[in-house]
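S.K.: Hey, dropping run.txt in here, compact mmCIF, C-alpha atoms and all ligand atoms:
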# COMPACT_ATOMS: atom_id res chain seq x y z
CA MET A 13 28.18 -98.38 10.51
CA ILE A 14 27.30 -97.56 14.10
CA HIS A 15 29.64 -95.59 16.35
CA ASP A 16 28.59 -96.50 19.87
CA VAL A 17 29.49 -93.74 22.28
CA ASN A 18 29.12 -95.94 25.30
CA GLN A 19 32.01 -98.13 24.26
CA THR A 20 34.38 -95.25 23.71
CA MET A 21 33.16 -92.39 25.91
CA PRO A 22 33.45 -92.85 29.64
CA PHE A 23 31.31 -89.83 30.49
CA SER A 24 27.71 -88.77 30.83
CA PHE A 25 25.97 -85.55 29.82
CA THR A 26 24.66 -85.23 33.33
CA SER A 27 28.09 -85.30 35.05
CA PRO A 28 29.16 -82.11 36.90
CA GLU A 29 32.30 -81.86 34.69
CA PHE A 30 30.17 -81.84 31.55
CA MET A 31 27.76 -79.24 32.94
CA GLN A 32 30.67 -76.94 33.87
CA ASN A 33 32.48 -77.23 30.51
CA PRO A 34 30.92 -79.39 27.78
CA TYR A 35 33.35 -78.40 24.99
CA PRO A 36 36.16 -80.95 25.59
CA PHE A 37 33.47 -83.66 25.67
CA TYR A 38 31.98 -82.44 22.40
CA ASP A 39 35.47 -82.51 20.85
CA MET A 40 36.05 -86.04 22.09
CA LEU A 41 32.73 -87.16 20.60
CA ARG A 42 33.37 -85.40 17.28
CA SER A 43 36.85 -86.88 17.00
CA GLN A 44 35.29 -90.36 17.25
CA HIS A 45 32.57 -89.50 14.72
CA PRO A 46 30.44 -86.39 14.11
CA LEU A 47 27.36 -88.66 14.10
CA HIS A 48 27.40 -91.09 16.99
CA TRP A 49 24.92 -93.64 18.31
CA GLY A 50 24.74 -93.97 22.08
CA THR A 51 23.01 -93.14 25.35
CA LEU A 52 24.60 -90.11 26.91
CA PHE A 53 21.61 -89.37 29.09
CA LYS A 54 18.21 -90.97 29.61
CA TYR A 55 17.38 -91.82 25.97
CA PRO A 56 19.40 -93.59 23.24
CA GLY A 57 19.90 -91.79 19.94
CA TRP A 58 22.27 -90.20 17.43
CA TYR A 59 24.49 -87.44 18.80
CA VAL A 60 25.40 -84.87 16.14
CA THR A 61 28.51 -82.83 16.90
CA GLY A 62 29.62 -81.93 13.35
CA TYR A 63 28.56 -78.65 11.71
CA GLU A 64 27.84 -80.06 8.23
CA GLU A 65 25.95 -83.02 9.67
CA ALA A 66 23.86 -80.74 11.92
CA LEU A 67 23.09 -78.44 9.00
CA THR A 68 22.08 -81.36 6.74
CA ILE A 69 19.68 -82.71 9.36
CA LEU A 70 18.16 -79.30 10.22
CA LYS A 71 17.51 -78.65 6.51
CA ASP A 72 15.85 -82.01 5.89
CA THR A 73 12.17 -82.02 6.88
CA ARG A 74 12.13 -85.81 6.89
CA PHE A 75 13.71 -85.30 10.32
CA LYS A 76 10.63 -84.29 12.27
CA ASN A 77 10.36 -82.07 15.29
CA ARG A 78 8.29 -83.56 18.04
CA ILE A 79 7.10 -82.65 21.51
CA PRO A 80 9.75 -83.51 24.06
CA LEU A 81 7.34 -85.69 26.02
CA PRO A 82 7.41 -89.30 24.90
CA GLU A 83 5.97 -90.34 28.26
CA THR A 84 2.20 -90.40 28.60
CA SER A 85 0.61 -89.64 31.92
CA LYS A 86 -2.55 -87.97 33.14
CA LYS A 87 -0.24 -86.06 35.50
CA TYR A 88 1.12 -83.92 32.67
CA GLU A 89 -1.70 -84.01 30.19
CA GLN A 90 -2.19 -80.22 30.05
CA LEU A 91 1.51 -79.66 29.43
CA LYS A 92 1.39 -82.14 26.56
CA ASN A 93 -1.74 -80.54 25.06
CA ILE A 94 -0.17 -77.08 25.09
CA GLN A 95 3.11 -78.34 23.62
CA ASN A 96 1.12 -80.10 20.87
CA ASN A 97 -0.18 -76.71 19.74
CA MET A 98 3.23 -75.00 19.76
CA LEU A 99 4.80 -73.92 16.48
CA LEU A 100 8.14 -75.36 17.59
CA PHE A 101 6.78 -78.90 17.77
CA LYS A 102 4.65 -78.86 14.61
CA ASN A 103 5.58 -80.47 11.30
CA GLU A 104 4.51 -79.85 7.71
CA PRO A 105 1.88 -78.96 6.61
CA ASP A 106 0.64 -77.67 10.03
CA HIS A 107 3.94 -75.96 10.79
CA LYS A 108 3.94 -73.89 7.59
CA ARG A 109 0.39 -72.73 8.21
CA LEU A 110 1.05 -71.70 11.82
CA ARG A 111 4.42 -70.09 11.04
CA LEU A 112 2.83 -67.97 8.30
CA LEU A 113 0.27 -66.69 10.79
CA VAL A 114 2.78 -66.06 13.61
CA SER A 115 5.80 -64.76 11.67
CA ASN A 116 4.29 -61.36 10.91
CA VAL A 117 4.55 -60.32 14.56
CA PHE A 118 8.38 -60.35 14.40
CA THR A 119 9.12 -58.50 11.17
CA PRO A 120 12.27 -56.30 11.23
CA ARG A 121 10.03 -53.19 11.22
CA ILE A 122 8.08 -54.33 14.28
CA VAL A 123 11.23 -55.39 16.14
CA GLU A 124 12.89 -52.05 15.32
CA SER A 125 9.88 -50.24 16.81
CA TYR A 126 10.78 -51.84 20.19
CA ARG A 127 14.26 -50.22 20.16
CA PRO A 128 13.39 -47.09 22.22
CA TYR A 129 11.62 -49.16 24.90
CA ILE A 130 14.50 -51.67 25.08
CA GLN A 131 17.07 -48.84 25.36
CA LYS A 132 15.06 -47.10 28.09
CA THR A 133 14.67 -50.36 30.04
CA VAL A 134 18.43 -51.04 29.80
CA ASN A 135 19.16 -47.48 31.03
CA ASP A 136 16.71 -47.78 33.95
CA LEU A 137 18.11 -51.14 35.08
CA LEU A 138 21.69 -49.85 34.97
CA GLN A 139 20.65 -46.66 36.79
CA GLN A 140 19.41 -48.83 39.67
CA VAL A 141 22.81 -50.52 40.18
CA GLN A 142 25.19 -47.73 39.19
CA ASN A 143 25.75 -46.35 42.69
CA LYS A 144 26.23 -49.81 44.20
CA LYS A 145 28.97 -50.52 41.63
CA THR A 146 28.14 -54.19 41.84
CA MET A 147 25.42 -56.45 40.45
CA ASP A 148 24.48 -59.97 39.60
CA VAL A 149 24.25 -59.74 35.80
CA VAL A 150 21.68 -62.57 35.69
CA SER A 151 19.16 -61.42 38.31
CA ASP A 152 19.75 -57.63 38.29
CA PHE A 153 20.12 -57.05 34.57
CA ALA A 154 19.53 -59.83 32.00
CA PHE A 155 16.54 -61.48 33.66
CA PRO A 156 14.51 -58.32 34.39
CA LEU A 157 15.41 -56.90 30.96
CA ALA A 158 14.20 -59.95 29.03
CA SER A 159 11.04 -60.23 31.17
CA LEU A 160 10.16 -56.55 30.88
CA ILE A 161 10.53 -56.68 27.10
CA ILE A 162 8.54 -59.85 26.45
CA ALA A 163 5.93 -58.74 29.00
CA LYS A 164 5.57 -55.37 27.29
CA ILE A 165 5.27 -57.09 23.90
CA LEU A 166 2.62 -59.48 25.21
CA GLY A 167 0.81 -56.70 27.12
CA ILE A 168 1.41 -58.11 30.61
CA PRO A 169 1.06 -55.29 33.18
CA GLN A 170 4.33 -54.27 34.91
CA GLU A 171 3.08 -55.20 38.39
CA GLU A 172 2.45 -58.79 37.25
CA GLN A 173 5.88 -59.36 35.82
CA TYR A 174 7.30 -60.81 39.03
CA GLN A 175 5.63 -64.08 37.94
CA PHE A 176 8.17 -64.60 35.17
CA ARG A 177 10.79 -66.02 37.52
CA GLU A 178 8.35 -68.65 38.76
CA TRP A 179 7.06 -69.47 35.27
CA ALA A 180 10.54 -69.85 33.83
CA ALA A 181 11.82 -71.85 36.82
CA SER A 182 9.03 -74.42 36.42
CA LEU A 183 8.81 -74.59 32.64
CA ILE A 184 12.41 -74.59 31.41
CA PRO A 185 13.11 -77.97 33.11
CA THR A 186 10.14 -79.47 31.21
CA ILE A 187 11.75 -78.79 27.82
CA ASP A 188 15.31 -79.60 28.90
CA PHE A 189 16.60 -83.09 28.19
CA THR A 190 17.33 -83.66 31.89
CA ARG A 191 13.60 -83.50 32.68
CA SER A 192 12.46 -85.69 35.55
CA ARG A 193 8.96 -86.89 36.41
CA LYS A 194 8.90 -84.36 39.22
CA ALA A 195 9.81 -81.53 36.83
CA LEU A 196 7.01 -82.58 34.46
CA ILE A 197 4.44 -82.71 37.25
CA ASN A 198 5.53 -79.26 38.53
CA GLY A 199 5.48 -77.95 34.96
CA ASN A 200 1.96 -79.27 34.47
CA ILE A 201 0.75 -77.39 37.56
CA MET A 202 2.38 -74.22 36.26
CA ILE A 203 0.88 -74.68 32.77
CA ILE A 204 -2.60 -74.73 34.31
CA VAL A 205 -1.82 -71.40 36.05
CA LEU A 206 -0.38 -69.94 32.84
CA GLN A 207 -3.28 -71.16 30.73
CA ASP A 208 -5.77 -69.39 33.02
CA TYR A 209 -3.63 -66.26 33.03
CA PHE A 210 -3.31 -66.03 29.24
CA LYS A 211 -6.94 -67.02 28.60
CA GLU A 212 -7.96 -63.96 30.65
CA LEU A 213 -5.42 -61.76 28.87
CA ILE A 214 -6.63 -62.92 25.43
CA LYS A 215 -10.26 -62.25 26.47
CA LYS A 216 -9.26 -58.77 27.67
CA CYS A 217 -7.52 -58.08 24.35
CA LYS A 218 -10.60 -59.20 22.42
CA ARG A 219 -12.81 -56.87 24.50
CA SER A 220 -10.58 -53.83 24.08
CA PRO A 221 -8.55 -54.21 20.92
CA GLU A 222 -5.36 -52.18 21.24
CA GLU A 223 -2.00 -52.46 19.59
CA GLY A 224 0.19 -55.31 20.70
CA LEU A 225 1.26 -58.82 19.88
CA ILE A 226 -1.81 -60.67 21.19
CA ASN A 227 -4.10 -58.44 19.16
CA GLN A 228 -1.92 -58.97 16.11
CA LEU A 229 -2.21 -62.73 16.62
CA ILE A 230 -6.00 -62.45 17.03
CA ASN A 231 -6.38 -60.33 13.89
CA GLU A 232 -3.78 -62.05 11.72
CA GLU A 233 -5.41 -63.56 8.69
CA GLN A 234 -3.69 -65.37 5.82
CA GLN A 235 -5.65 -66.68 2.86
CA GLY A 236 -8.85 -66.72 4.91
CA ASP A 237 -7.19 -68.63 7.74
CA ARG A 238 -6.84 -67.51 11.36
CA LEU A 239 -5.23 -68.81 14.54
CA THR A 240 -7.54 -70.69 16.90
CA ASP A 241 -7.73 -69.61 20.56
CA GLU A 242 -5.69 -72.70 21.56
CA GLU A 243 -2.99 -71.74 19.05
CA ILE A 244 -2.85 -68.16 20.32
CA LEU A 245 -2.57 -69.48 23.87
CA ALA A 246 0.20 -71.96 22.98
CA THR A 247 2.06 -69.25 21.04
CA CYS A 248 2.01 -66.84 24.01
CA ILE A 249 3.32 -69.59 26.30
CA LEU A 250 5.99 -70.59 23.75
CA LEU A 251 7.19 -66.98 23.58
CA VAL A 252 7.42 -66.81 27.36
CA ILE A 253 9.48 -70.01 27.47
CA ALA A 254 11.51 -69.88 24.24
CA GLY A 255 12.00 -66.15 24.06
CA HIS A 256 12.79 -65.31 27.61
CA GLU A 257 15.28 -67.73 29.12
CA THR A 258 17.45 -67.91 26.01
CA THR A 259 17.78 -64.12 25.85
CA VAL A 260 18.75 -63.96 29.55
CA ASN A 261 21.43 -66.53 28.81
CA LEU A 262 22.71 -64.78 25.70
CA ILE A 263 23.26 -61.53 27.63
CA SER A 264 24.81 -63.20 30.71
CA ASN A 265 27.01 -65.60 28.70
CA SER A 266 28.24 -62.72 26.51
CA ILE A 267 29.29 -60.63 29.49
CA LEU A 268 31.10 -63.60 31.03
CA ALA A 269 32.89 -64.23 27.71
CA LEU A 270 34.05 -60.60 27.63
CA LEU A 271 35.22 -60.68 31.26
CA ASN A 272 37.28 -63.76 30.45
CA HIS A 273 38.77 -61.95 27.41
CA PRO A 274 39.72 -58.47 28.70
CA ARG A 275 41.53 -57.47 25.48
CA GLN A 276 38.39 -58.08 23.44
CA LEU A 277 36.33 -56.27 26.05
CA MET A 278 38.55 -53.20 25.64
CA GLU A 279 38.40 -53.51 21.85
CA LEU A 280 34.60 -53.56 21.88
CA LYS A 281 34.49 -50.64 24.31
CA GLY A 282 36.70 -48.60 21.96
CA LYS A 283 34.97 -49.72 18.75
CA PRO A 284 31.22 -49.81 19.44
CA TRP A 285 30.50 -50.50 15.75
CA LEU A 286 31.75 -54.06 16.36
CA ILE A 287 28.72 -54.85 18.54
CA GLU A 288 26.79 -56.70 15.81
CA SER A 289 29.60 -59.08 14.92
CA ALA A 290 30.47 -59.44 18.64
CA VAL A 291 26.93 -60.64 19.46
CA GLU A 292 27.11 -63.17 16.60
CA GLU A 293 30.36 -64.45 18.08
CA PHE A 294 28.86 -64.73 21.59
CA LEU A 295 25.99 -66.72 20.06
CA ARG A 296 28.51 -69.09 18.46
CA TYR A 297 30.98 -69.28 21.33
CA GLU A 298 28.55 -69.96 24.20
CA SER A 299 25.29 -70.88 22.44
CA PRO A 300 22.29 -70.36 24.77
CA THR A 301 20.48 -73.31 23.16
CA GLN A 302 22.97 -76.17 23.19
CA MET A 303 20.80 -78.93 21.85
CA THR A 304 17.67 -79.62 19.86
CA ALA A 305 16.13 -82.93 18.81
CA ARG A 306 14.49 -84.59 15.82
CA ILE A 307 13.05 -87.99 14.96
CA ALA A 308 13.61 -89.76 11.60
CA SER A 309 10.34 -90.29 9.69
CA GLU A 310 11.98 -92.88 7.37
CA ASP A 311 15.36 -94.56 6.87
CA ILE A 312 17.79 -91.78 5.84
CA GLU A 313 21.42 -92.01 4.78
CA ILE A 314 23.73 -89.24 6.05
CA LYS A 315 27.44 -89.45 5.17
CA GLN A 316 27.41 -93.25 4.82
CA THR A 317 25.54 -93.67 8.08
CA THR A 318 21.98 -95.01 7.97
CA ILE A 319 19.59 -93.41 10.39
CA LYS A 320 16.61 -95.73 10.87
CA LYS A 321 12.97 -94.68 10.88
CA GLY A 322 11.99 -93.79 14.46
CA ASP A 323 15.56 -93.04 15.64
CA GLN A 324 16.02 -90.02 17.88
CA ILE A 325 18.60 -87.43 16.82
CA TYR A 326 20.21 -85.02 19.28
CA ILE A 327 21.69 -82.07 17.44
CA LEU A 328 24.34 -80.44 19.62
CA LEU A 329 24.22 -76.87 18.31
CA GLY A 330 26.87 -75.84 20.85
CA ALA A 331 29.20 -78.53 19.46
CA ALA A 332 28.49 -77.74 15.79
CA ASN A 333 29.32 -74.10 16.54
CA ARG A 334 32.78 -75.19 17.80
CA ASP A 335 33.52 -77.55 14.90
CA PRO A 336 37.09 -76.78 13.73
CA ARG A 337 36.25 -78.07 10.23
CA LYS A 338 33.89 -75.08 9.90
CA PHE A 339 35.34 -72.39 12.20
CA LYS A 340 39.02 -71.46 12.26
CA ASN A 341 40.30 -71.48 15.86
CA ALA A 342 36.85 -72.66 16.90
CA HIS A 343 37.56 -72.45 20.64
CA LEU A 344 38.82 -68.87 20.43
CA LEU A 345 36.52 -65.92 20.99
CA ASP A 346 36.93 -63.45 18.13
CA ILE A 347 34.47 -60.55 18.14
CA THR A 348 35.50 -59.66 14.58
CA ARG A 349 34.89 -63.18 13.17
CA ASN A 350 33.56 -62.93 9.63
CA PRO A 351 31.87 -64.92 8.15
CA ASN A 352 30.16 -66.46 11.15
CA HIS A 353 27.38 -68.79 10.01
CA HIS A 354 26.66 -70.26 13.44
CA LEU A 355 23.64 -72.44 14.17
CA ALA A 356 22.70 -70.85 17.51
CA PHE A 357 19.22 -69.97 16.23
CA GLY A 358 18.82 -73.30 14.43
CA TYR A 359 18.36 -73.51 10.65
CA GLY A 360 15.65 -74.23 8.10
CA ALA A 361 11.93 -74.52 8.74
CA HIS A 362 12.18 -73.93 12.50
CA PHE A 363 14.78 -71.13 12.38
CA CYS A 364 14.20 -68.96 15.47
CA LEU A 365 11.43 -66.44 14.90
CA GLY A 366 12.68 -64.23 17.72
CA ALA A 367 16.27 -63.92 16.43
CA PRO A 368 15.99 -60.21 15.46
CA LEU A 369 14.55 -59.37 18.88
CA ALA A 370 17.17 -61.39 20.78
CA ARG A 371 19.96 -59.77 18.75
CA LEU A 372 18.66 -56.25 19.37
CA GLU A 373 18.22 -56.79 23.12
CA ALA A 374 21.72 -58.25 23.48
CA GLN A 375 23.36 -55.52 21.38
CA LEU A 376 21.76 -52.70 23.37
CA ALA A 377 22.34 -54.36 26.76
CA ILE A 378 26.03 -55.14 26.21
CA GLN A 379 26.90 -51.88 24.48
CA THR A 380 25.20 -49.72 27.11
CA LEU A 381 26.87 -51.62 29.96
CA LEU A 382 30.31 -51.09 28.36
CA ASP A 383 29.46 -47.43 27.83
CA ARG A 384 28.37 -46.77 31.40
CA ALA A 385 30.82 -48.91 33.36
CA ASP A 386 34.61 -49.06 33.57
CA ASN A 387 36.84 -51.64 35.17
CA LEU A 388 34.30 -54.45 34.89
CA LYS A 389 35.45 -57.46 36.92
CA LEU A 390 34.15 -60.86 37.93
CA ALA A 391 33.27 -60.91 41.63
CA ALA A 392 33.30 -64.73 41.90
CA PRO A 393 36.25 -66.84 40.71
CA GLU A 394 34.39 -69.46 38.66
CA PRO A 395 30.72 -68.87 37.89
CA GLN A 396 28.57 -72.00 38.13
CA TRP A 397 26.40 -73.27 35.27
CA ARG A 398 22.89 -74.59 35.76
CA LYS A 399 22.34 -78.33 35.55
CA LEU A 400 20.72 -78.30 32.10
CA ILE A 401 21.80 -80.06 28.91
CA GLY A 402 19.75 -78.23 26.29
CA PHE A 403 20.59 -74.74 27.54
CA ARG A 404 23.82 -73.00 28.55
CA ALA A 405 22.71 -70.97 31.54
CA LEU A 406 24.59 -69.39 34.44
CA ASN A 407 23.20 -69.62 37.96
CA GLU A 408 24.49 -66.12 38.67
CA LEU A 409 27.19 -63.74 37.46
CA PRO A 410 28.28 -61.32 40.18
CA ILE A 411 30.44 -58.46 38.89
CA THR A 412 31.94 -55.21 40.16
CA PHE A 413 32.62 -52.04 38.16
CA ASP A 414 33.39 -48.34 38.35
CA ARG A 415 30.76 -45.90 37.33
CA VAL A 416 31.40 -43.76 34.27
CA GLY A 417 30.45 -40.09 34.48
C1 LIG B 1 13.00 -71.50 17.61
C2 LIG B 1 17.16 -70.32 19.80
C3 LIG B 1 15.23 -66.14 21.34
C4 LIG B 1 10.96 -67.54 19.60
C5 LIG B 1 14.30 -71.51 18.04
C6 LIG B 1 15.27 -72.52 17.68
C7 LIG B 1 16.42 -72.20 18.32
C8 LIG B 1 16.21 -70.97 19.05
C9 LIG B 1 17.73 -72.97 18.28
C10 LIG B 1 15.04 -73.72 16.74
C11 LIG B 1 14.76 -74.97 17.51
C12 LIG B 1 14.65 -76.18 16.61
O1 LIG B 1 14.92 -76.11 15.39
O2 LIG B 1 14.31 -77.26 17.13
C13 LIG B 1 16.99 -69.09 20.40
C14 LIG B 1 18.04 -68.34 21.05
C15 LIG B 1 17.49 -67.16 21.49
C16 LIG B 1 16.10 -67.16 21.10
C17 LIG B 1 19.47 -68.82 21.20
C18 LIG B 1 18.11 -65.99 22.23
C19 LIG B 1 19.38 -65.75 22.25
C20 LIG B 1 13.93 -66.12 20.97
C21 LIG B 1 13.00 -65.03 21.19
C22 LIG B 1 11.78 -65.45 20.73
C23 LIG B 1 11.95 -66.79 20.19
C24 LIG B 1 13.37 -63.69 21.84
C25 LIG B 1 10.49 -64.72 20.73
C26 LIG B 1 10.12 -63.78 21.55
C27 LIG B 1 11.16 -68.72 18.94
C28 LIG B 1 10.09 -69.45 18.26
C29 LIG B 1 10.67 -70.58 17.69
C30 LIG B 1 12.09 -70.54 18.02
C31 LIG B 1 8.61 -69.03 18.17
C32 LIG B 1 9.97 -71.69 16.89
C33 LIG B 1 10.04 -71.40 15.40
C34 LIG B 1 9.44 -72.54 14.59
O3 LIG B 1 9.32 -73.66 15.08
O4 LIG B 1 9.07 -72.29 13.42
N1 LIG B 1 14.91 -70.57 18.85
N2 LIG B 1 15.83 -68.35 20.45
N3 LIG B 1 13.26 -67.16 20.36
N4 LIG B 1 12.34 -69.41 18.78
FE1 LIG B 1 14.09 -68.84 19.52
Output the structure of this file as structure tokens.

M.R.:
Amino acid sequence: MIHDVNQTMPFSFTSPEFMQNPYPFYDMLRSQHPLHWGTLFKYPGWYVTGYEEALTILKDTRFKNRIPLPETSKKYEQLKNIQNNMLLFKNEPDHKRLRLLVSNVFTPRIVESYRPYIQKTVNDLLQQVQNKKTMDVVSDFAFPLASLIIAKILGIPQEEQYQFREWAASLIPTIDFTRSRKALINGNIMIIVLQDYFKELIKKCKRSPEEGLINQLINEEQQGDRLTDEEILATCILLVIAGHETTVNLISNSILALLNHPRQLMELKGKPWLIESAVEEFLRYESPTQMTARIASEDIEIKQTTIKKGDQIYILLGAANRDPRKFKNAHLLDITRNPNHHLAFGYGAHFCLGAPLARLEAQLAIQTLLDRADNLKLAAPEPQWRKLIGFRALNELPITFDRVG
């Protein structure tokens, strides 16, 4: 049976109302059917809003990941080539091989070794705004924090980190579902710049082997197998795109959620040991990655619905994480929620490799801000969200506060 969204849902994923608050639309879709066929933006496909349905699809490797570029054009050939080599868009057996070689750079021990640098960077950034008693959380805190950390991990010199804003601004729209031809062409130009930049950096690392992620990738060997130069390049670029923007959004979205729930803000301030479960709840409540996609490699039956070979599937992680059949009071923020098996980092073969790093950065950033600042308040009545479907990202988040101590 096919549930056609277009006949029942008079809205589009690109409408301003949806961008500002997608959750009522997700609920409407789910109440029709958690697995819906329709065209809610450019491409037709199955829209998955139910938690169990999303989980089933993410677990099943017959639903393939694929590069988000069905269009072929010489104008974005380089972008396509790089994406083809990215772990995120590989399928078995290539995915397993690449993941084995890349996963060792994000072990809990390695991520834990970044803690002192992350804490120092958080302290320095807050020091810079403390006397002003005001900041834009996105551009003064979350963005520089996430760029400084990933840059340090990749071995990008501090003075070259200003480029992150430009890289992210051009590349995020190429992996979002709203992508336009213009965004792809701009992204392709930026990929050429990035390719040259990272090729040089990789050469430098090979000449003077020091500690660091690129050297780990160069030296990583599993069962006689190593990463090729193209794979190292694509991995570095994937980390810049996948690891940076999402972490900025996690930190900014979490602070907005707390400002909108002052009682929970005070609770977290008084009980710092709740920070781990609070970050899990922010991930569920305002998931930085709202959507991911798959393609069916054969006819597959899910809950009496047949998905045909070649069908596109849009898994709305942000909707699954608000499914009332899975989460009690799904639309309520509860920093003590336990258990909290959200899908914000995906599930299965492609489960986010950077999850431990993202969690640590968010925990330290939020906890230190609450520690150092009192009377945190929103400085703009209703913060605006960026016009993206796949990501939940604020344009800016101006706040005011009183300095502590
Ligand atoms: C994969 C979310 C931070 C690296 C994923 C996936 C999601 C996700 C949902 C799976 C996509 C799919 O199944 O199609 C997030 C969120 C983050 C975050 C919400 C921050 C809050 C990071 C960081 C890094 C990173 C900090 C690394 C520095 C990756 C990589 C993959 C991935 C390499 C691909 C894994 C694979 O295909 O095997 N992420 N991510 N992510 N993420 Fe993250």

S.K.: So which one's closest to A:Gly57, A:Ala308, A:Leu286, A:Ile401, A:Leu262? Using all atoms listed in the file, please.

M.R.: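 Using all atoms listed in the file, the shortest distance to A:Gly57 belongs to A:Ala308.
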
S.K.: Would you mind telling me which residue in A:Ile327, A:Phe53, A:Glu223, A:Arg42 lies nearest to A:Phe23 when using all atoms listed in the file?

M.R.: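 The closest residue to A:Phe23 is A:Phe53.
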
S.K.: Quick one: residues within 10 Å of A:Ala163, only C-alpha atoms, excluding same-chain residues fewer than 3 positions away - as an mmCIF file with C-alpha atoms, keeping the file's coordinate frame?

M.R.:
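What follows is the written file result-v2.cif:
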data_model
loop_
_atom_site.group_PDB
_atom_site.id
_atom_site.type_symbol
_atom_site.label_atom_id
_atom_site.label_comp_id
_atom_site.auth_asym_id
_atom_site.auth_seq_id
_atom_site.Cartn_x
_atom_site.Cartn_y
_atom_site.Cartn_z
ATOM 1 C CA LEU A 157 15.410 -56.900 30.960
ATOM 2 C CA ALA A 158 14.200 -59.950 29.030
ATOM 3 C CA SER A 159 11.040 -60.230 31.170
ATOM 4 C CA LEU A 160 10.160 -56.550 30.880
ATOM 5 C CA LEU A 166 2.620 -59.480 25.210
ATOM 6 C CA GLY A 167 0.810 -56.700 27.120
ATOM 7 C CA ILE A 168 1.410 -58.110 30.610
ATOM 8 C CA PRO A 169 1.060 -55.290 33.180
ATOM 9 C CA GLN A 170 4.330 -54.270 34.910
ATOM 10 C CA GLU A 172 2.450 -58.790 37.250
ATOM 11 C CA GLN A 173 5.880 -59.360 35.820
ATOM 12 C CA PHE A 176 8.170 -64.600 35.170
ATOM 13 C CA LEU A 251 7.190 -66.980 23.580
ATOM 14 C CA VAL A 252 7.420 -66.810 27.360
ATOM 15 C CA HIS A 256 12.790 -65.310 27.610
#

S.K.: Please work out which residues fall within 9 Å of (18.7, -77.7, 26.9), coordinates as given in the file, with only C-alpha atoms counting, and return them as a PDB file with C-alpha atoms, in the coordinates of the input.

M.R.:
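Below is the file that was written, out25.pdb:
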ATOM      1  CA  ILE A 184      12.410 -74.590  31.410  1.00  0.00           C
ATOM      2  CA  PRO A 185      13.110 -77.970  33.110  1.00  0.00           C
ATOM      3  CA  ILE A 187      11.750 -78.790  27.820  1.00  0.00           C
ATOM      4  CA  ASP A 188      15.310 -79.600  28.900  1.00  0.00           C
ATOM      5  CA  PHE A 189      16.600 -83.090  28.190  1.00  0.00           C
ATOM      6  CA  THR A 190      17.330 -83.660  31.890  1.00  0.00           C
ATOM      7  CA  PRO A 300      22.290 -70.360  24.770  1.00  0.00           C
ATOM      8  CA  THR A 301      20.480 -73.310  23.160  1.00  0.00           C
ATOM      9  CA  GLN A 302      22.970 -76.170  23.190  1.00  0.00           C
ATOM     10  CA  MET A 303      20.800 -78.930  21.850  1.00  0.00           C
ATOM     11  CA  THR A 304      17.670 -79.620  19.860  1.00  0.00           C
ATOM     12  CA  LEU A 400      20.720 -78.300  32.100  1.00  0.00           C
ATOM     13  CA  ILE A 401      21.800 -80.060  28.910  1.00  0.00           C
ATOM     14  CA  GLY A 402      19.750 -78.230  26.290  1.00  0.00           C
ATOM     15  CA  PHE A 403      20.590 -74.740  27.540  1.00  0.00           C
ATOM     16  CA  ARG A 404      23.820 -73.000  28.550  1.00  0.00           C
TER      17      ARG A 404
END

S.K.: Taking all atoms listed in the file and a cut-off of 6 Å, can you tell me which residues surround ligand LIG 1 (chain B), written as an MDAnalysis selection string?

M.R.: chainID A and resid 99:100 111 251 254:255 258:259 262 300:301 304 356:358 361:367 369:370

S.K.: Got a sec: who's within 10 Å of A:Ser24, counting all atoms listed in the file, leaving out chain neighbours fewer than 5 positions off, as a PDB file with C-alpha atoms, keeping the file's coordinate frame?

M.R.:
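Result written to selection19.pdb:
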ATOM      1  CA  ASN A  18      29.120 -95.940  25.300  1.00  0.00           C
ATOM      2  CA  GLU A  29      32.300 -81.860  34.690  1.00  0.00           C
ATOM      3  CA  PHE A  30      30.170 -81.840  31.550  1.00  0.00           C
ATOM      4  CA  MET A  31      27.760 -79.240  32.940  1.00  0.00           C
ATOM      5  CA  PHE A  37      33.470 -83.660  25.670  1.00  0.00           C
ATOM      6  CA  THR A  51      23.010 -93.140  25.350  1.00  0.00           C
ATOM      7  CA  LEU A  52      24.600 -90.110  26.910  1.00  0.00           C
ATOM      8  CA  PHE A  53      21.610 -89.370  29.090  1.00  0.00           C
ATOM      9  CA  LYS A  54      18.210 -90.970  29.610  1.00  0.00           C
TER      10      LYS A  54
END

S.K.: Restricting the calculation to all atoms listed in the file: of A:Glu124, A:Glu292, A:Asp148, A:Asp208, which residue gets closest to A:Ala374?

M.R.: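 Once distances to A:Ala374 are computed over all atoms listed in the file, the minimum belongs to A:Glu292.
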
S.K.: Hey, which of A:Thr317, A:Lys164, A:Cys217, A:Ser43 ends up closest to A:Arg337? Count only C-alpha atoms.

M.R.: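 Distance minimum relative to A:Arg337 lands on A:Ser43.
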
S.K.: Using all atoms listed in the file for the distances, tell me which of A:Thr119, A:Gln140, A:Asn333, A:Gln131 is nearest to A:Gln375.

M.R.: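 Closest candidate: A:Gln131.
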
S.K.: Got a sec: who's within 12 Å of A:Gly322, counting only C-alpha atoms, leaving out chain neighbours fewer than 6 positions off, as a PyMOL selection string?

M.R.: chain A and resi 56-58+74-78+306-312

S.K.: From the list A:Gly50, A:Pro351, A:Pro128, A:Pro284, which residue is nearest A:Ile325 when using only C-alpha atoms?

M.R.: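 Going through A:Gly50, A:Pro351, A:Pro128, A:Pro284 one by one, the smallest distance to A:Ile325 is for A:Gly50.
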
S.K.: In Å, rounded to a single decimal, give me how far atom CA of A:Lys389 is from atom CA of A:Arg296.

M.R.: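 Distance reported for this atom pair: 22.9 Å.
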